[in-house]
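Dropping my_file-v5.cif in here (mmCIF, C-alpha atoms):
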data_start
#
loop_
_atom_site.group_PDB
_atom_site.id
_atom_site.type_symbol
_atom_site.label_atom_id
_atom_site.label_comp_id
_atom_site.auth_asym_id
_atom_site.auth_seq_id
_atom_site.Cartn_x
_atom_site.Cartn_y
_atom_site.Cartn_z
ATOM 1 C CA MET B 19 54.149 94.254 60.730
ATOM 2 C CA GLN B 20 55.611 94.157 64.269
ATOM 3 C CA ILE B 21 57.532 90.959 63.478
ATOM 4 C CA LYS B 22 59.117 92.689 60.467
ATOM 5 C CA HIS B 23 60.201 95.642 62.639
ATOM 6 C CA LEU B 24 61.565 93.290 65.311
ATOM 7 C CA PHE B 25 63.507 91.390 62.653
ATOM 8 C CA ILE B 26 65.012 94.617 61.242
ATOM 9 C CA PHE B 27 65.821 95.904 64.743
ATOM 10 C CA THR B 28 67.544 92.607 65.622
ATOM 11 C CA TRP B 29 69.664 92.770 62.449
ATOM 12 C CA LEU B 30 70.627 96.367 63.155
ATOM 13 C CA VAL B 31 71.720 95.474 66.691
ATOM 14 C CA LEU B 32 73.761 92.538 65.378
ATOM 15 C CA LEU B 33 75.378 94.724 62.730
ATOM 16 C CA LEU B 34 76.294 97.337 65.343
ATOM 17 C CA ILE B 35 77.828 94.662 67.580
ATOM 18 C CA LEU B 36 79.800 93.204 64.676
ATOM 19 C CA ALA B 37 80.961 96.657 63.615
ATOM 20 C CA ALA B 38 82.110 97.424 67.149
ATOM 21 C CA CYS B 39 84.021 94.141 67.391
ATOM 22 C CA SER B 40 85.643 94.384 63.980
ATOM 23 C CA GLY B 41 86.639 97.995 64.602
ATOM 24 C CA GLN B 42 88.959 96.935 67.407
ATOM 25 C CA ALA B 43 92.357 96.700 65.810
ATOM 26 C CA VAL B 44 95.166 94.621 67.171
ATOM 27 C CA THR B 45 97.859 96.872 68.571
ATOM 28 C CA PRO B 46 100.947 96.512 66.381
ATOM 29 C CA ALA B 47 104.301 95.713 67.934
ATOM 30 C CA ALA B 48 106.363 98.736 68.866
ATOM 31 C CA THR B 49 108.544 100.016 66.067
ATOM 32 C CA PRO B 50 112.184 99.866 67.070
ATOM 33 C CA THR B 51 113.953 103.171 67.468
ATOM 34 C CA ILE B 52 116.226 103.773 64.514
ATOM 35 C CA ASP B 53 119.643 105.289 65.051
ATOM 36 C CA PRO B 54 120.294 107.560 62.023
ATOM 37 C CA ASP B 55 124.047 107.085 62.509
ATOM 38 C CA ILE B 56 123.578 103.359 61.814
ATOM 39 C CA TYR B 57 120.420 102.973 59.738
ATOM 40 C CA ASN B 58 121.225 102.564 56.025
ATOM 41 C CA GLN B 59 124.930 103.046 56.694
ATOM 42 C CA VAL B 60 127.653 100.711 55.487
ATOM 43 C CA PRO B 61 130.154 100.129 58.287
ATOM 44 C CA ASN B 62 133.858 99.459 57.977
ATOM 45 C CA THR B 63 134.078 95.800 58.892
ATOM 46 C CA THR B 64 136.916 93.679 60.164
ATOM 47 C CA ILE B 65 136.628 89.905 60.215
ATOM 48 C CA PHE B 66 138.622 88.065 62.857
ATOM 49 C CA ALA B 67 140.005 84.547 62.599
ATOM 50 C CA SER B 68 138.909 82.081 65.238
ATOM 51 C CA GLY B 69 140.641 82.934 68.526
ATOM 52 C CA GLN B 70 142.150 86.178 67.194
ATOM 53 C CA CYS B 71 140.004 88.561 69.260
ATOM 54 C CA ASN B 72 137.973 88.087 72.424
ATOM 55 C CA ALA B 73 135.586 90.504 74.134
ATOM 56 C CA ILE B 74 135.382 90.346 77.913
ATOM 57 C CA LEU B 75 132.151 91.377 79.624
ATOM 58 C CA ASP B 76 132.397 92.088 83.362
ATOM 59 C CA ALA B 77 128.631 92.470 83.605
ATOM 60 C CA PRO B 78 125.600 91.379 81.575
ATOM 61 C CA ALA B 79 125.327 93.407 78.370
ATOM 62 C CA PRO B 80 122.429 94.269 76.063
ATOM 63 C CA ALA B 81 122.593 92.147 72.921
ATOM 64 C CA TYR B 82 121.232 92.907 69.466
ATOM 65 C CA THR B 83 120.531 91.234 66.172
ATOM 66 C CA SER B 84 122.122 92.741 63.087
ATOM 67 C CA SER B 85 118.806 94.424 62.245
ATOM 68 C CA THR B 86 118.328 96.090 65.653
ATOM 69 C CA LEU B 87 121.713 97.767 66.146
ATOM 70 C CA GLY B 88 121.319 101.109 67.854
ATOM 71 C CA GLY B 89 117.681 100.451 68.718
ATOM 72 C CA GLN B 90 116.080 98.458 71.473
ATOM 73 C CA SER B 91 118.119 95.448 72.544
ATOM 74 C CA SER B 92 116.841 92.009 71.616
ATOM 75 C CA GLY B 93 118.284 90.217 74.608
ATOM 76 C CA GLU B 94 121.162 90.115 77.020
ATOM 77 C CA LEU B 95 124.497 88.318 77.196
ATOM 78 C CA ALA B 96 125.887 87.135 80.495
ATOM 79 C CA ALA B 97 129.260 88.292 81.767
ATOM 80 C CA GLY B 98 132.088 86.237 80.321
ATOM 81 C CA THR B 99 134.587 85.980 77.498
ATOM 82 C CA TYR B 100 133.290 85.805 73.927
ATOM 83 C CA ALA B 101 135.105 85.219 70.645
ATOM 84 C CA VAL B 102 134.627 88.145 68.262
ATOM 85 C CA GLY B 103 133.922 87.171 64.664
ATOM 86 C CA VAL B 104 133.446 90.621 63.185
ATOM 87 C CA ALA B 105 133.686 94.276 64.156
ATOM 88 C CA ALA B 106 131.387 96.801 62.473
ATOM 89 C CA ASP B 107 132.588 100.390 62.794
ATOM 90 C CA TYR B 108 129.936 102.989 61.988
ATOM 91 C CA GLY B 109 132.142 105.937 62.892
ATOM 92 C CA SER B 110 129.809 106.930 65.711
ATOM 93 C CA SER B 111 129.848 103.474 67.308
ATOM 94 C CA LEU B 112 131.689 100.162 67.140
ATOM 95 C CA TRP B 113 129.768 96.883 67.329
ATOM 96 C CA TYR B 114 131.115 93.373 67.859
ATOM 97 C CA GLY B 115 129.483 90.321 66.292
ATOM 98 C CA LEU B 116 130.200 87.461 68.660
ATOM 99 C CA ASN B 117 130.688 83.851 67.638
ATOM 100 C CA GLU B 118 128.520 81.195 69.241
ATOM 101 C CA ALA B 119 126.468 83.730 71.219
ATOM 102 C CA GLY B 120 123.129 82.851 69.617
ATOM 103 C CA GLU B 121 120.819 84.970 67.495
ATOM 104 C CA THR B 122 121.305 88.141 69.518
ATOM 105 C CA ASN B 123 125.045 88.204 69.045
ATOM 106 C CA TYR B 124 125.928 91.872 68.504
ATOM 107 C CA ILE B 125 127.064 94.087 71.370
ATOM 108 C CA ASN B 126 128.128 97.707 71.483
ATOM 109 C CA SER B 127 131.828 98.035 72.234
ATOM 110 C CA THR B 128 130.928 100.332 75.139
ATOM 111 C CA SER B 129 129.620 97.200 76.923
ATOM 112 C CA VAL B 130 133.022 95.503 76.673
ATOM 113 C CA ALA B 131 135.243 95.803 79.743
ATOM 114 C CA SER B 132 138.335 94.774 77.776
ATOM 115 C CA THR B 133 139.534 92.810 74.781
ATOM 116 C CA GLU B 134 142.279 90.264 74.457
ATOM 117 C CA GLY B 135 144.227 89.276 71.382
ATOM 118 C CA ASP B 136 144.557 91.232 68.151
ATOM 119 C CA CYS B 137 141.306 93.188 67.986
ATOM 120 C CA ALA B 138 142.524 96.051 65.775
ATOM 121 C CA THR B 139 139.871 97.074 63.230
ATOM 122 C CA SER B 140 140.436 98.237 59.677
ATOM 123 C CA ALA B 141 139.224 101.722 60.694
ATOM 124 C CA GLU B 142 142.082 102.126 63.195
#
Any chance you could put this one into structure tokens?
Amino acid sequence: MQIKHLFIFTWLVLLLILAACSGQAVTPAATPTIDPDIYNQVPNTTIFASGQCNAILDAPAPAYTSSTLGGQSSGELAAGTYAVGVAADYGSSLWYGLNEAGETNYINSTSVASTEGDCATSAE
């Protein structure tokens, strides 16, 4: 009879250990902050021909993917001159999509020290 009780006790302890281990959930990645002035909005866009518009950064600037605009930046671009491929005007903010800047190629226009060329957008 004691062996049966020991066997049941051992199984209960194992079940409790397994339950404790399986109850520990993996912490999900932080949800990016959503800017209501951008999220689910359709911007006025202007597409620029190659060499038409350049954005000049005097300092490193936060960079974004198209799905993280207005939230937490996805990277950083070094100071320099970048060719602008598209401008997305949300009314509350203007974003530049930069050519050949990698995956995180959107910057807020407030990060741009100056532009050169014809950078007029359709919203102007």
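With CA of Leu116 in chain B on one side and CA of Val60 in chain B on the other, the separation reads 18.9 Å.
Once the PyMOL selection byres ((chain B and resi 136) around 7) is applied to the shown structure, the selection contains Gln70, Cys71, Glu134, Gly135, Cys137 and Ala138 of chain B.
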ask   = Near Glu118 in chain B, counting only C-alpha atoms, which residues have an atom at most 9 Å away, once you skip same-chain residues fewer than 5 positions from it, shown as a list in words?
value = Tyr100, Ala101 and Asn123 of chain B
Emit the selected residues as an mmCIF file, in the frame of the given file, including C-alpha atoms.
data_model
loop_
_atom_site.group_PDB
_atom_site.id
_atom_site.type_symbol
_atom_site.label_atom_id
_atom_site.label_comp_id
_atom_site.auth_asym_id
_atom_site.auth_seq_id
_atom_site.Cartn_x
_atom_site.Cartn_y
_atom_site.Cartn_z
ATOM 1 C CA TYR B 100 133.290 85.805 73.927
ATOM 2 C CA ALA B 101 135.105 85.219 70.645
ATOM 3 C CA ASN B 123 125.045 88.204 69.045
#
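Across B:Leu87, B:Ala81, B:Ala106, B:Ile125, the tightest approach to Phe66 in chain B is made by B:Ala106 when counting only C-alpha atoms.
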task = Can you give me, as a count of residues only, the residues this file yields under the PyMOL selection byres ((chain B and resi 109) around 10)?
result = 12
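As for CA of Thr133 in chain B and CA of Asp53 in chain B, they are spaced 25.4 Å apart.
Taking only C-alpha atoms into account, Gly103 in chain B lies nearest to B:Ser68 out of the set B:Ser68, B:Thr128, B:Thr122, B:Gln90.
Proximity to Ala131 in chain B was assessed for B:Gly93, B:Pro54, B:Gly88, B:Gly98 counting only C-alpha atoms; the smallest distance is recorded for B:Gly98.
Minimum atom-to-atom distance to Ser85 in chain B, evaluated using only C-alpha atoms, belongs to B:Asn58 out of B:Thr99, B:Asn58, B:Asn126, B:Ser140.
Between CA of Ala77 in chain B and CA of Thr64 in chain B the separation is 24.9 Å.
Each of B:Val104, B:Trp113, B:Tyr82, B:Glu94 was checked against Val130 in chain B using only C-alpha atoms; the smallest atom-to-atom distance is that of B:Trp113.
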For Gly120 in chain B, the nearest of the candidates B:Thr83, B:Ser91, B:Asn72, B:Thr63, counting all atoms listed in the file = B:Thr83
inquiry  = Here's the selection I'm unsure about, the PyMOL selection byres ((chain B and resi 79) around 6); applied to the file above, which residues does it give, as a ChimeraX atom specification?
reply    = /B:78,80,94-95,129
Since the input is missing atoms, can you rebuild all heavy atoms for range 79-90 of chain B and write them as a short mmCIF file (atom, residue, chain, number, x, y, z; two decimals), in the coordinates of the input?
data_model
loop_
_atom_site.label_atom_id
_atom_site.label_comp_id
_atom_site.auth_asym_id
_atom_site.auth_seq_id
_atom_site.Cartn_x
_atom_site.Cartn_y
_atom_site.Cartn_z
N ALA B 79 125.37 92.32 79.35
CA ALA B 79 125.33 93.41 78.37
C ALA B 79 124.13 93.23 77.45
O ALA B 79 123.76 92.11 77.11
CB ALA B 79 126.61 93.41 77.54
N PRO B 80 123.52 94.36 77.04
CA PRO B 80 122.43 94.27 76.06
C PRO B 80 122.97 93.68 74.76
O PRO B 80 124.07 94.01 74.34
CB PRO B 80 121.97 95.71 75.86
CG PRO B 80 122.79 96.55 76.75
CD PRO B 80 123.83 95.72 77.41
N ALA B 81 122.20 92.80 74.17
CA ALA B 81 122.59 92.15 72.92
C ALA B 81 121.57 92.47 71.83
O ALA B 81 120.40 92.70 72.11
CB ALA B 81 122.69 90.65 73.13
N TYR B 82 122.04 92.48 70.60
CA TYR B 82 121.23 92.91 69.47
C TYR B 82 121.36 91.91 68.32
O TYR B 82 122.34 91.18 68.23
CB TYR B 82 121.71 94.28 68.97
CG TYR B 82 121.66 95.35 70.03
CD1 TYR B 82 122.67 95.46 70.99
CD2 TYR B 82 120.61 96.24 70.09
CE1 TYR B 82 122.63 96.43 71.97
CE2 TYR B 82 120.57 97.22 71.06
CZ TYR B 82 121.57 97.31 72.00
OH TYR B 82 121.52 98.27 72.98
N THR B 83 120.39 91.92 67.45
CA THR B 83 120.53 91.23 66.17
C THR B 83 121.09 92.25 65.20
O THR B 83 121.11 93.45 65.48
CB THR B 83 119.18 90.71 65.65
OG1 THR B 83 118.32 91.83 65.40
CG2 THR B 83 118.52 89.77 66.63
N SER B 84 121.53 91.80 64.05
CA SER B 84 122.12 92.74 63.09
C SER B 84 121.11 93.78 62.61
O SER B 84 121.49 94.87 62.20
CB SER B 84 122.70 91.99 61.89
OG SER B 84 121.68 91.28 61.22
N SER B 85 119.82 93.48 62.71
CA SER B 85 118.81 94.42 62.24
C SER B 85 118.31 95.36 63.34
O SER B 85 117.48 96.23 63.07
CB SER B 85 117.63 93.67 61.63
OG SER B 85 117.02 92.86 62.60
N THR B 86 118.79 95.21 64.57
CA THR B 86 118.33 96.09 65.65
C THR B 86 119.44 96.94 66.26
O THR B 86 119.25 97.54 67.31
CB THR B 86 117.65 95.28 66.78
OG1 THR B 86 118.59 94.36 67.35
CG2 THR B 86 116.43 94.53 66.28
N LEU B 87 120.60 96.98 65.61
CA LEU B 87 121.71 97.77 66.15
C LEU B 87 121.30 99.21 66.38
O LEU B 87 120.69 99.84 65.53
CB LEU B 87 122.90 97.76 65.18
CG LEU B 87 123.56 96.42 64.90
CD1 LEU B 87 124.74 96.62 63.96
CD2 LEU B 87 124.01 95.75 66.18
N GLY B 88 121.62 99.72 67.53
CA GLY B 88 121.32 101.11 67.85
C GLY B 88 119.90 101.34 68.32
O GLY B 88 119.56 102.43 68.74
N GLY B 89 119.06 100.32 68.26
CA GLY B 89 117.68 100.45 68.72
C GLY B 89 117.51 99.78 70.06
O GLY B 89 118.41 99.77 70.90
N GLN B 90 116.36 99.17 70.23
CA GLN B 90 116.08 98.46 71.47
C GLN B 90 116.77 97.10 71.42
O GLN B 90 116.72 96.41 70.41
CB GLN B 90 114.57 98.28 71.63
CG GLN B 90 114.19 97.64 72.93
CD GLN B 90 112.68 97.61 73.10
OE1 GLN B 90 111.93 98.15 72.31
NE2 GLN B 90 112.22 96.97 74.15
#
